>>> print(open('work28.cif').read())   # mmCIF, C-alpha atoms
data_run
#
loop_
_atom_site.label_atom_id
_atom_site.label_comp_id
_atom_site.auth_asym_id
_atom_site.auth_seq_id
_atom_site.Cartn_x
_atom_site.Cartn_y
_atom_site.Cartn_z
CA MET J 20 32.58 7.62 10.45
CA LEU J 21 28.96 6.85 9.52
CA ILE J 22 29.11 3.43 11.23
CA ARG J 23 30.67 5.00 14.33
CA SER J 24 27.92 7.61 14.51
CA LEU J 25 25.26 4.92 14.08
CA ILE J 26 26.74 2.81 16.89
CA LYS J 27 26.85 5.85 19.19
CA TYR J 28 23.23 6.68 18.34
CA LEU J 29 22.15 3.12 19.16
CA ASP J 30 24.14 3.14 22.41
CA ASP J 31 22.50 6.40 23.46
CA ALA J 32 19.00 5.17 22.62
CA ILE J 33 19.23 1.60 23.96
CA GLY J 34 21.88 1.61 26.66
CA GLU J 35 23.96 -1.27 27.98
CA SER J 36 21.65 -4.06 26.77
CA ILE J 37 22.37 -3.42 23.11
CA ASN J 38 23.56 -7.01 22.44
CA LEU J 39 20.31 -8.52 23.71
CA PHE J 40 18.33 -5.89 21.78
CA ALA J 41 20.26 -6.72 18.59
CA LEU J 42 19.64 -10.47 18.95
CA VAL J 43 15.89 -10.01 19.38
CA TRP J 44 15.91 -7.54 16.46
CA ILE J 45 17.54 -10.14 14.16
CA LEU J 46 15.07 -12.86 15.20
CA VAL J 47 12.05 -10.69 14.44
CA PHE J 48 13.58 -9.60 11.13
CA LEU J 49 14.00 -13.22 10.01
CA MET J 50 10.51 -14.20 11.16
CA MET J 51 8.84 -11.37 9.29
CA PHE J 52 11.05 -11.80 6.22
CA SER J 53 9.96 -15.42 5.85
CA ILE J 54 6.25 -14.67 6.42
CA ALA J 55 6.25 -11.69 4.03
CA LEU J 56 8.05 -13.74 1.37
CA VAL J 57 4.96 -15.90 0.87
CA ASN J 58 2.12 -13.41 1.51
CA PRO J 59 1.88 -11.91 -2.03
CA VAL J 60 1.84 -15.38 -3.59
CA ILE J 61 -1.03 -16.88 -1.56
CA PRO J 62 -3.82 -14.94 -3.42
CA TYR J 63 -2.59 -16.40 -6.73
CA LEU J 64 -2.58 -19.89 -5.23
CA ILE J 65 -6.19 -19.29 -4.16
CA ASP J 66 -6.99 -18.24 -7.74
CA GLU J 67 -5.74 -21.66 -8.90
CA PHE J 68 -7.91 -23.50 -6.36
CA LEU J 69 -11.06 -21.38 -6.76
CA VAL J 70 -12.34 -20.22 -10.15
CA GLU J 71 -14.98 -17.64 -9.21
CA GLU J 72 -13.84 -14.17 -8.14
CA ALA J 73 -16.42 -13.88 -5.32
CA ALA J 74 -15.29 -17.21 -3.85
CA ALA J 75 -11.62 -16.21 -4.11
CA VAL J 76 -12.27 -12.85 -2.40
CA ALA J 77 -14.20 -14.61 0.37
CA MET J 78 -11.32 -17.07 0.83
CA ILE J 79 -8.77 -14.23 1.05
CA GLY J 80 -10.85 -12.71 3.85
CA LEU J 81 -11.23 -16.11 5.55
CA LEU J 82 -7.47 -16.74 5.46
CA ASN J 83 -6.72 -13.34 6.97
CA SER J 84 -9.33 -13.96 9.67
CA SER J 85 -7.96 -17.47 10.37
CA PHE J 86 -4.47 -16.07 10.86
CA ASN J 87 -5.71 -13.34 13.17
CA LEU J 88 -7.99 -15.70 15.11
CA ALA J 89 -5.05 -17.97 15.92
CA LYS J 90 -2.80 -15.01 16.74
CA THR J 91 -5.43 -13.50 19.02
CA LEU J 92 -6.09 -16.76 20.88
CA ALA J 93 -2.34 -17.11 21.45
CA ASN J 94 -1.76 -13.50 22.56
CA ILE J 95 -3.22 -13.53 26.08
CA PRO J 96 -1.82 -16.96 27.12
CA GLY J 97 1.47 -15.90 25.54
CA GLY J 98 1.55 -12.68 27.56
CA VAL J 99 0.65 -14.35 30.86
CA LEU J 100 3.17 -17.16 30.32
CA ALA J 101 5.86 -14.63 29.38
CA ASP J 102 5.40 -12.97 32.78
CA LYS J 103 5.26 -16.28 34.67
CA LEU J 104 7.61 -18.67 32.82
CA GLY J 105 10.02 -16.25 31.20
CA LYS J 106 10.12 -14.39 27.92
CA ARG J 107 13.05 -16.39 26.51
CA LYS J 108 11.09 -19.66 26.58
CA LEU J 109 8.08 -18.17 24.84
CA ILE J 110 10.24 -16.68 22.09
CA ALA J 111 11.97 -20.04 21.51
CA ILE J 112 8.61 -21.85 21.32
CA SER J 113 7.35 -19.45 18.66
CA PHE J 114 10.38 -20.13 16.46
CA LEU J 115 9.92 -23.86 16.92
CA ILE J 116 6.43 -23.51 15.40
CA LEU J 117 7.40 -21.12 12.59
CA PRO J 118 8.59 -23.56 9.83
CA PHE J 119 5.43 -25.71 9.75
CA PRO J 120 3.13 -23.27 7.85
CA PHE J 121 5.61 -23.06 4.98
CA LEU J 122 5.61 -26.86 4.69
CA LEU J 123 1.81 -26.86 4.43
CA TYR J 124 1.82 -24.13 1.77
CA TYR J 125 4.42 -25.97 -0.28
CA PHE J 126 2.49 -29.26 -0.31
CA SER J 127 -0.96 -27.67 -0.65
CA ASP J 128 -3.39 -28.83 -3.30
CA ASN J 129 -6.50 -27.15 -1.85
CA CYS J 130 -7.47 -24.26 0.42
CA TYR J 131 -7.59 -26.40 3.57
CA TYR J 132 -3.79 -26.53 3.59
CA LEU J 133 -3.70 -22.73 3.36
CA ILE J 134 -6.16 -22.32 6.25
CA ALA J 135 -4.12 -24.70 8.42
CA GLY J 136 -0.92 -22.85 7.54
CA GLN J 137 -2.45 -19.50 8.46
CA LEU J 138 -3.66 -20.87 11.79
CA ILE J 139 -0.22 -22.21 12.73
CA SER J 140 1.52 -19.06 11.53
CA GLY J 141 -0.85 -16.98 13.67
CA ILE J 142 -0.03 -19.07 16.74
CA ALA J 143 3.73 -18.60 16.20
CA LEU J 144 3.37 -14.85 15.89
CA GLY J 145 0.80 -14.59 18.69
CA VAL J 146 3.01 -16.39 21.20
CA SER J 147 6.04 -14.24 20.40
CA ILE J 148 4.59 -10.70 20.25
CA PRO J 149 3.89 -10.11 23.99
CA ALA J 150 7.24 -11.54 25.11
CA ILE J 151 9.27 -9.63 22.51
CA SER J 152 7.45 -6.33 23.13
CA ALA J 153 7.92 -6.68 26.89
CA VAL J 154 11.64 -7.46 26.50
CA VAL J 155 12.18 -4.17 24.67
CA ALA J 156 10.32 -2.20 27.36
CA ASP J 157 12.31 -3.91 30.13
CA ILE J 158 15.81 -3.30 28.77
CA VAL J 159 15.54 0.29 27.46
CA PRO J 160 15.65 3.51 29.55
CA ARG J 161 12.32 5.36 29.81
CA ALA J 162 13.65 8.61 28.31
CA THR J 163 14.38 6.99 24.94
CA LEU J 164 11.77 4.22 24.94
CA SER J 165 9.72 5.53 21.98
CA THR J 166 12.89 5.97 19.92
CA ALA J 167 14.00 2.46 20.87
CA TYR J 168 10.64 1.05 19.77
CA GLY J 169 11.05 2.95 16.50
CA ILE J 170 14.44 1.29 15.96
CA PHE J 171 13.07 -2.09 17.00
CA ASN J 172 10.03 -1.80 14.71
CA LEU J 173 12.46 -1.58 11.79
CA SER J 174 13.06 -5.31 12.34
CA TRP J 175 9.57 -6.25 11.20
CA THR J 176 9.21 -3.46 8.64
CA LEU J 177 12.61 -3.94 6.96
CA GLY J 178 11.95 -7.68 6.99
CA GLN J 179 8.89 -7.06 4.83
CA ILE J 180 10.44 -4.70 2.27
CA PRO J 181 12.54 -6.92 -0.04
CA SER J 182 10.76 -10.20 0.68
CA PRO J 183 7.37 -9.59 -1.05
CA MET J 184 9.10 -8.51 -4.27
CA LEU J 185 11.48 -11.46 -3.98
CA GLY J 186 8.54 -13.80 -3.36
CA GLY J 187 6.66 -12.44 -6.37
CA PHE J 188 9.78 -12.70 -8.56
CA LEU J 189 10.53 -16.28 -7.46
CA SER J 190 6.94 -17.35 -8.09
CA GLU J 191 6.99 -15.98 -11.65
CA VAL J 192 10.48 -17.20 -12.59
CA MET J 193 10.85 -20.50 -10.69
CA GLY J 194 7.28 -21.59 -10.01
CA LEU J 195 4.40 -20.42 -7.84
CA LYS J 196 5.39 -22.53 -4.82
CA THR J 197 9.12 -21.67 -4.79
CA PRO J 198 8.72 -18.86 -2.19
CA PHE J 199 7.27 -21.36 0.30
CA LEU J 200 10.39 -23.52 0.08
CA ALA J 201 12.63 -20.47 0.41
CA ALA J 202 10.72 -19.30 3.51
CA LEU J 203 11.09 -22.75 5.07
CA LEU J 204 14.87 -22.67 4.60
CA ILE J 205 15.08 -19.17 6.11
CA SER J 206 12.96 -20.08 9.15
CA LEU J 207 14.90 -23.20 10.19
CA PRO J 208 18.01 -21.46 11.66
CA CYS J 209 15.81 -19.13 13.73
CA LEU J 210 15.21 -21.73 16.45
CA ALA J 211 18.93 -22.19 17.07
CA LEU J 212 19.36 -18.41 17.16
CA SER J 213 16.47 -18.00 19.63
CA LEU J 214 18.17 -20.42 22.03
CA LYS J 215 21.03 -17.93 22.34
CA LEU J 216 18.72 -15.87 24.54
CA ARG J 217 20.30 -17.53 27.57
CA GLY J 218 19.09 -17.22 31.12
CA SER J 219 21.98 -14.95 32.04
CA GLU J 220 20.87 -12.53 29.35
CA GLU J 221 17.28 -12.77 30.54
CA LYS J 222 18.38 -11.69 34.01
CA LYS J 223 19.63 -8.44 32.51
CA ILE J 224 16.03 -7.65 31.72
CA GLU J 225 15.14 -7.42 35.38
CA HIS J 226 17.84 -4.84 36.11
CA ALA J 227 18.13 -2.90 32.86
CA LEU J 228 15.97 0.02 33.95
CA SER J 229 17.32 2.22 36.71
CA GLN J 230 15.69 1.63 40.10
CA ASP J 231 14.36 5.19 40.27
CA SER J 232 12.73 4.88 36.85
CA LEU J 233 11.26 1.48 37.71
CA GLU J 234 9.75 2.68 40.99
CA GLU J 235 8.29 5.74 39.30
CA VAL J 236 6.61 3.67 36.60
CA ASP J 237 5.31 1.00 38.97
CA SER J 238 4.00 3.25 41.76
CA SER J 239 1.93 5.37 39.39
CA ALA J 240 0.86 2.54 37.10
CA LYS J 241 -0.26 0.00 39.72
CA LYS J 242 -3.07 2.27 40.92
CA SER J 243 -5.07 2.40 37.70
CA TYR J 244 -3.44 0.06 35.22
CA LYS J 245 -6.57 -2.10 34.76
CA LYS J 246 -8.68 0.85 33.65
CA VAL J 247 -5.88 2.13 31.41
CA LEU J 248 -5.39 -1.33 29.93
CA MET J 249 -9.11 -1.55 29.09
CA LEU J 250 -8.90 1.78 27.26
CA PHE J 251 -5.84 0.62 25.31
CA CYS J 252 -7.69 -2.60 24.45
CA GLY J 253 -10.64 -0.56 23.13
CA ILE J 254 -8.29 1.48 20.94
CA GLU J 255 -6.55 -1.59 19.61
CA ALA J 256 -9.82 -3.43 18.89
CA LEU J 257 -10.98 -0.52 16.71
CA ASN J 258 -7.54 -0.23 15.08
CA GLY J 259 -7.62 -3.94 14.38
CA PHE J 260 -11.11 -3.72 12.87
CA GLY J 261 -10.06 -0.87 10.57
CA ASN J 262 -6.82 -2.58 9.58
CA GLY J 263 -8.64 -5.88 9.11
CA ILE J 264 -10.96 -4.34 6.52
CA LEU J 265 -7.90 -2.88 4.79
CA THR J 266 -6.02 -6.20 4.66
CA THR J 267 -8.66 -7.48 2.26
CA LEU J 268 -9.01 -4.21 0.33
CA PHE J 269 -5.24 -3.79 -0.14
CA ILE J 270 -5.25 -7.14 -1.96
CA VAL J 271 -8.51 -7.18 -3.92
CA TYR J 272 -8.39 -3.56 -5.15
CA PRO J 273 -5.04 -3.90 -6.97
CA LEU J 274 -5.85 -7.49 -7.96
CA TYR J 275 -9.27 -6.89 -9.54
CA VAL J 276 -9.38 -3.14 -10.30
CA LEU J 277 -5.75 -2.47 -11.28
CA GLY J 278 -5.10 -6.01 -12.58
CA VAL J 279 -1.59 -6.33 -11.13
CA SER J 280 0.69 -9.35 -11.50
CA ALA J 281 2.23 -11.34 -8.61
CA PHE J 282 5.46 -9.33 -8.93
CA GLU J 283 3.55 -6.03 -8.96
CA MET J 284 1.62 -7.16 -5.88
CA GLY J 285 5.00 -7.76 -4.26
CA VAL J 286 6.05 -4.22 -5.21
CA ILE J 287 2.92 -2.85 -3.51
CA PHE J 288 3.71 -4.76 -0.32
CA SER J 289 7.41 -3.88 -0.43
CA ILE J 290 7.34 -0.20 -1.37
CA GLY J 291 3.82 1.05 -0.73
CA TRP J 292 3.66 -0.60 2.68
CA GLY J 293 7.14 -1.83 3.68
CA VAL J 294 9.43 1.09 2.78
CA ALA J 295 6.84 3.65 3.90
CA THR J 296 6.30 1.92 7.24
CA ALA J 297 10.05 1.62 7.84
CA LEU J 298 10.59 5.32 7.10
CA ALA J 299 8.05 6.23 9.79
CA GLN J 300 9.48 4.26 12.71
CA VAL J 301 12.48 6.20 14.01
CA PRO J 302 11.03 9.68 13.26
CA GLY J 303 7.80 8.55 14.94
CA GLY J 304 9.72 7.43 18.02
CA ARG J 305 11.71 10.65 18.24
CA LEU J 306 8.58 12.79 17.79
CA ALA J 307 6.84 10.86 20.58
CA ASP J 308 9.84 11.28 22.93
CA LYS J 309 9.93 15.01 22.17
CA PHE J 310 6.24 16.00 22.03
CA GLY J 311 4.51 13.15 23.84
CA GLU J 312 2.73 10.01 22.65
CA LYS J 313 -0.86 11.25 22.91
CA PRO J 314 -0.62 14.37 20.68
CA LEU J 315 1.26 12.42 18.01
CA ILE J 316 -1.29 9.59 17.94
CA LEU J 317 -4.24 11.98 17.66
CA ALA J 318 -2.56 13.88 14.81
CA CYS J 319 -1.90 10.64 12.91
CA VAL J 320 -5.54 9.53 13.19
CA LEU J 321 -6.85 12.85 11.86
CA ILE J 322 -4.42 13.01 8.92
CA THR J 323 -4.84 9.40 7.73
CA THR J 324 -8.64 9.58 7.37
CA PRO J 325 -8.77 11.66 4.14
CA LEU J 326 -5.89 9.64 2.69
CA LEU J 327 -7.95 6.45 3.05
CA ILE J 328 -10.75 8.05 1.04
CA LEU J 329 -8.27 9.00 -1.70
CA LEU J 330 -6.90 5.48 -2.15
CA PRO J 331 -9.86 3.95 -4.06
CA LEU J 332 -9.83 6.93 -6.43
CA THR J 333 -6.45 5.86 -7.88
CA ARG J 334 -6.51 4.20 -11.29
CA THR J 335 -2.86 3.27 -11.89
CA LEU J 336 -0.37 1.15 -9.96
CA VAL J 337 2.01 4.11 -9.48
CA ASN J 338 -0.72 6.36 -8.07
CA PHE J 339 -1.92 3.57 -5.76
CA ILE J 340 1.61 3.02 -4.40
CA ILE J 341 2.17 6.78 -3.88
CA VAL J 342 -1.06 7.31 -1.92
CA LEU J 343 -0.59 4.07 0.02
CA GLY J 344 2.99 5.08 0.84
CA VAL J 345 1.98 8.49 2.23
CA LEU J 346 -0.86 6.83 4.16
CA CYS J 347 1.50 4.27 5.70
CA ILE J 348 4.14 6.86 6.63
CA VAL J 349 1.64 9.06 8.46
CA GLY J 350 -0.28 6.20 10.05
CA ASN J 351 2.80 4.35 11.26
CA LEU J 352 4.41 7.38 12.90
CA SER J 353 2.19 6.49 15.87
CA ILE J 354 3.29 2.84 16.25
CA PRO J 355 6.33 3.46 18.52
CA ALA J 356 4.23 5.93 20.53
CA TYR J 357 1.54 3.31 21.20
CA SER J 358 4.14 0.79 22.40
CA SER J 359 6.00 3.14 24.73
CA TRP J 360 2.76 4.71 26.06
CA LEU J 361 1.39 1.27 26.95
CA ALA J 362 4.68 0.10 28.49
CA THR J 363 5.01 3.14 30.74
CA SER J 364 1.34 3.00 31.78
CA LEU J 365 1.69 -0.51 33.24
CA PRO J 366 3.72 -2.03 36.09
CA SER J 367 6.81 -3.78 34.75
CA SER J 368 5.56 -7.09 36.15
CA LYS J 369 2.40 -6.81 34.02
CA ARG J 370 3.93 -5.75 30.71
CA GLY J 371 3.77 -9.18 29.11
CA THR J 372 0.10 -9.47 30.10
CA GLY J 373 -0.56 -5.92 28.88
CA PHE J 374 1.02 -6.45 25.49
CA GLY J 375 -0.77 -9.78 25.22
CA ALA J 376 -4.18 -8.25 26.03
CA THR J 377 -3.79 -5.33 23.61
CA SER J 378 -2.47 -7.62 20.88
CA ALA J 379 -5.50 -9.86 21.46
CA ALA J 380 -7.84 -6.88 21.22
CA PHE J 381 -6.18 -5.83 17.98
CA GLY J 382 -6.48 -9.41 16.78
CA ILE J 383 -10.21 -9.55 17.52
CA GLY J 384 -10.65 -6.61 15.18
CA LEU J 385 -8.45 -8.32 12.61
CA ILE J 386 -10.57 -11.47 12.79
CA ILE J 387 -13.80 -9.65 11.99
CA GLY J 388 -12.35 -6.95 9.72
CA PRO J 389 -11.15 -9.06 6.76
CA ILE J 390 -14.50 -10.85 6.52
CA ILE J 391 -16.35 -7.51 6.66
CA GLY J 392 -13.92 -6.21 4.04
CA SER J 393 -14.76 -9.14 1.75
CA ILE J 394 -18.51 -8.64 2.23
CA LEU J 395 -18.28 -4.89 1.62
CA TRP J 396 -16.19 -5.46 -1.50
CA ASN J 397 -18.60 -7.99 -2.97
CA LEU J 398 -21.50 -5.61 -2.22
CA PHE J 399 -19.89 -2.32 -3.29
CA GLN J 400 -16.98 -3.18 -5.59
CA PHE J 401 -18.19 -0.64 -8.15
CA GLN J 402 -18.27 1.96 -5.37
CA ALA J 403 -14.99 1.03 -3.72
CA ILE J 404 -14.92 4.22 -1.66
CA ILE J 405 -17.57 2.74 0.68
CA PRO J 406 -15.41 -0.14 2.05
CA PHE J 407 -12.44 2.23 2.45
CA ALA J 408 -14.65 4.77 4.25
CA ALA J 409 -15.81 2.02 6.63
CA SER J 410 -12.21 1.43 7.72
CA ALA J 411 -11.67 5.19 8.19
CA ILE J 412 -14.65 5.36 10.54
CA MET J 413 -13.09 2.68 12.76
CA PHE J 414 -9.93 4.77 13.19
CA LEU J 415 -11.92 7.92 13.99
CA LEU J 416 -13.79 6.04 16.74
CA THR J 417 -10.50 5.58 18.63
CA ILE J 418 -10.29 9.31 19.41
CA PRO J 419 -12.54 9.27 22.55
CA PHE J 420 -10.54 6.34 23.97
CA ILE J 421 -7.23 8.11 23.31
CA LYS J 422 -8.46 11.28 25.00
CA ALA J 423 -9.66 9.30 28.05
CA ILE J 424 -6.14 8.02 28.84
CA ARG J 425 -4.33 10.41 31.17
#
>>> encode(input="work28.cif", output="structure tokens")
Amino acid sequence: MLIRSLIKYLDDAIGESINLFALVWILVFLMMFSIALVNPVIPYLIDEFLVEEAAAVAMIGLLNSSFNLAKTLANIPGGVLADKLGKRKLIAISFLILPFPFLLYYFSDNCYYLIAGQLISGIALGVSIPAISAVVADIVPRATLSTAYGIFNLSWTLGQIPSPMLGGFLSEVMGLKTPFLAALLISLPCLALSLKLRGSEEKKIEHALSQDSLEEVDSSAKKSYKKVLMLFCGIEALNGFGNGILTTLFIVYPLYVLGVSAFEMGVIFSIGWGVATALAQVPGGRLADKFGEKPLILACVLITTPLLILLPLTRTLVNFIIVLGVLCIVGNLSIPAYSSWLATSLPSSKRGTGFGATSAAFGIGLIIGPIIGSILWNLFQFQAIIPFAASAIMFLLTIPFIKAIR
């Protein structure tokens, strides 16, 4: 009965293209599972290569920035090529690239291997994001698009829930580099699976939306989509900057203030971020479909700011996970709303480009943010509230951009 109800719910939300939706969902799940499997282990590998804490913190920021630089540089070409050459080809290319970073991590004996792995991993993700995001927008009816994005976002959030804990456990029990080998073995079948996105299935994308809905979106969006896209890019650049600062802080605060182990770091990633983010997706999508994307996004920005200030006041692992979990639930309620709002503000023929441009803007913030986070930490580590407050300010600055979008 439960399975039947779930299938009916998915049919109602996604429509007749549910098989294509499910295939893309599985691919993203496997990609994110393999990447998240190794993420909690990399800081401990850096600690083996670099003795001084300041140097290790700087390297953590550099690695995050390297990943985001590569992802950002791949986003715009990936989006344009998705619109011109086809989304299926771009998705397959990204999964062809995916295994190579894990090889580099496994054979690494210095930080240069880690930097190269992060660069290649960023390219794989950067090429795939615009094509995958546009596919979802193209095959789902407008009325349930936010809900569909909420369901789809579970692919990358659920993929990152068990894998960090598993990666931390494997590194402690079987050796620090074991998660890299496991991620490699998981990533290899993804290419064959991505090739199942056949041309006949890709044609469904062009006809999945009803003609009336398509004309309504295109006629209104074509007039001002460039201005709207610039506003979305401004929002995403600031979001990326704020999140970029946090990517460093979410590692160094538990590592150096709370003194957590590799397994405990995996628990933070899995529960504090992963479970909380997954819990937010479908409710966030349904709230956006019911009340509108803009009001939900504004509410999330205003509520998350004080939670960010609370986080550096925690002094135990449990308290840190609880505050981080609440922060991630509230903040990520807006993720499906952002995706559906962008998709319905652009002509369907420009969605790949739009998702590529906004992903690139987010990535620019993520390139700068981790380095700024490292600098702020090294300057104010005994007053950790200052780096966290800096990230909160970035999120508050998005409010004028959000209000400007009609």
>>> resolve_selection(input="work28.cif", expression="the PyMOL selection byres ((chain J and resi 357-361) around 9)", output="list in words")
Ser152, Ala156, Arg161, Leu164, Ser165, Thr166, Ala167, Tyr168, Val247, Leu248, Phe251, Gly304, Ala307, Gly311, Glu312, Lys313, Ile316, Ser353, Ile354, Pro355, Ala356, Ala362, Thr363, Ser364, Leu365, Arg370, Gly373 and Phe374 of chain J
>>> write_last_selection(input="work28.cif", atoms="C-alpha atoms", output="compact mmCIF listing (two decimals), in the coordinates of the input")
# COMPACT_ATOMS: atom_id res chain seq x y z
CA SER J 152 7.45 -6.33 23.13
CA ALA J 156 10.32 -2.20 27.36
CA ARG J 161 12.32 5.36 29.81
CA LEU J 164 11.77 4.22 24.94
CA SER J 165 9.72 5.53 21.98
CA THR J 166 12.89 5.97 19.92
CA ALA J 167 14.00 2.46 20.87
CA TYR J 168 10.64 1.05 19.77
CA VAL J 247 -5.88 2.13 31.41
CA LEU J 248 -5.39 -1.33 29.93
CA PHE J 251 -5.84 0.62 25.31
CA GLY J 304 9.72 7.43 18.02
CA ALA J 307 6.84 10.86 20.58
CA GLY J 311 4.51 13.15 23.84
CA GLU J 312 2.73 10.01 22.65
CA LYS J 313 -0.86 11.25 22.91
CA ILE J 316 -1.29 9.59 17.94
CA SER J 353 2.19 6.49 15.87
CA ILE J 354 3.29 2.84 16.25
CA PRO J 355 6.33 3.46 18.52
CA ALA J 356 4.23 5.93 20.53
CA ALA J 362 4.68 0.10 28.49
CA THR J 363 5.01 3.14 30.74
CA SER J 364 1.34 3.00 31.78
CA LEU J 365 1.69 -0.51 33.24
CA ARG J 370 3.93 -5.75 30.71
CA GLY J 373 -0.56 -5.92 28.88
CA PHE J 374 1.02 -6.45 25.49
>>> atom_distance(input="work28.cif", atom1="atom CA of J:Val286", atom2="atom CA of J:Val146")
29.2 Å
>>> residues_around(input="work28.cif", residues="J:Lys90", least_positions_apart="2", cutoff="12 Å", atoms="all atoms listed in the file", output="JSON, numbers by chain")
{"J": [83, 84, 85, 86, 87, 88, 92, 93, 94, 95, 96, 97, 98, 113, 137, 138, 139, 140, 141, 142, 143, 144, 145, 146, 147, 148, 149, 375, 376, 377, 378, 379, 380, 381, 382, 383, 384, 385, 386]}
>>> resolve_selection(input="work28.cif", expression="the PyMOL selection byres ((chain J and resi 399-408) around 12)", output="PyMOL selection string")
chain J and resi 72-73+76+261-269+271-273+275-276+323-334+388-398+409-415
>>> residues_near_point(input="work28.cif", point="(9.9, -17.0, -3.7)", cutoff="8 Å", atoms="all atoms listed in the file", output="MDAnalysis selection string")
chainID J and resid 56:57 185:190 193 195:202
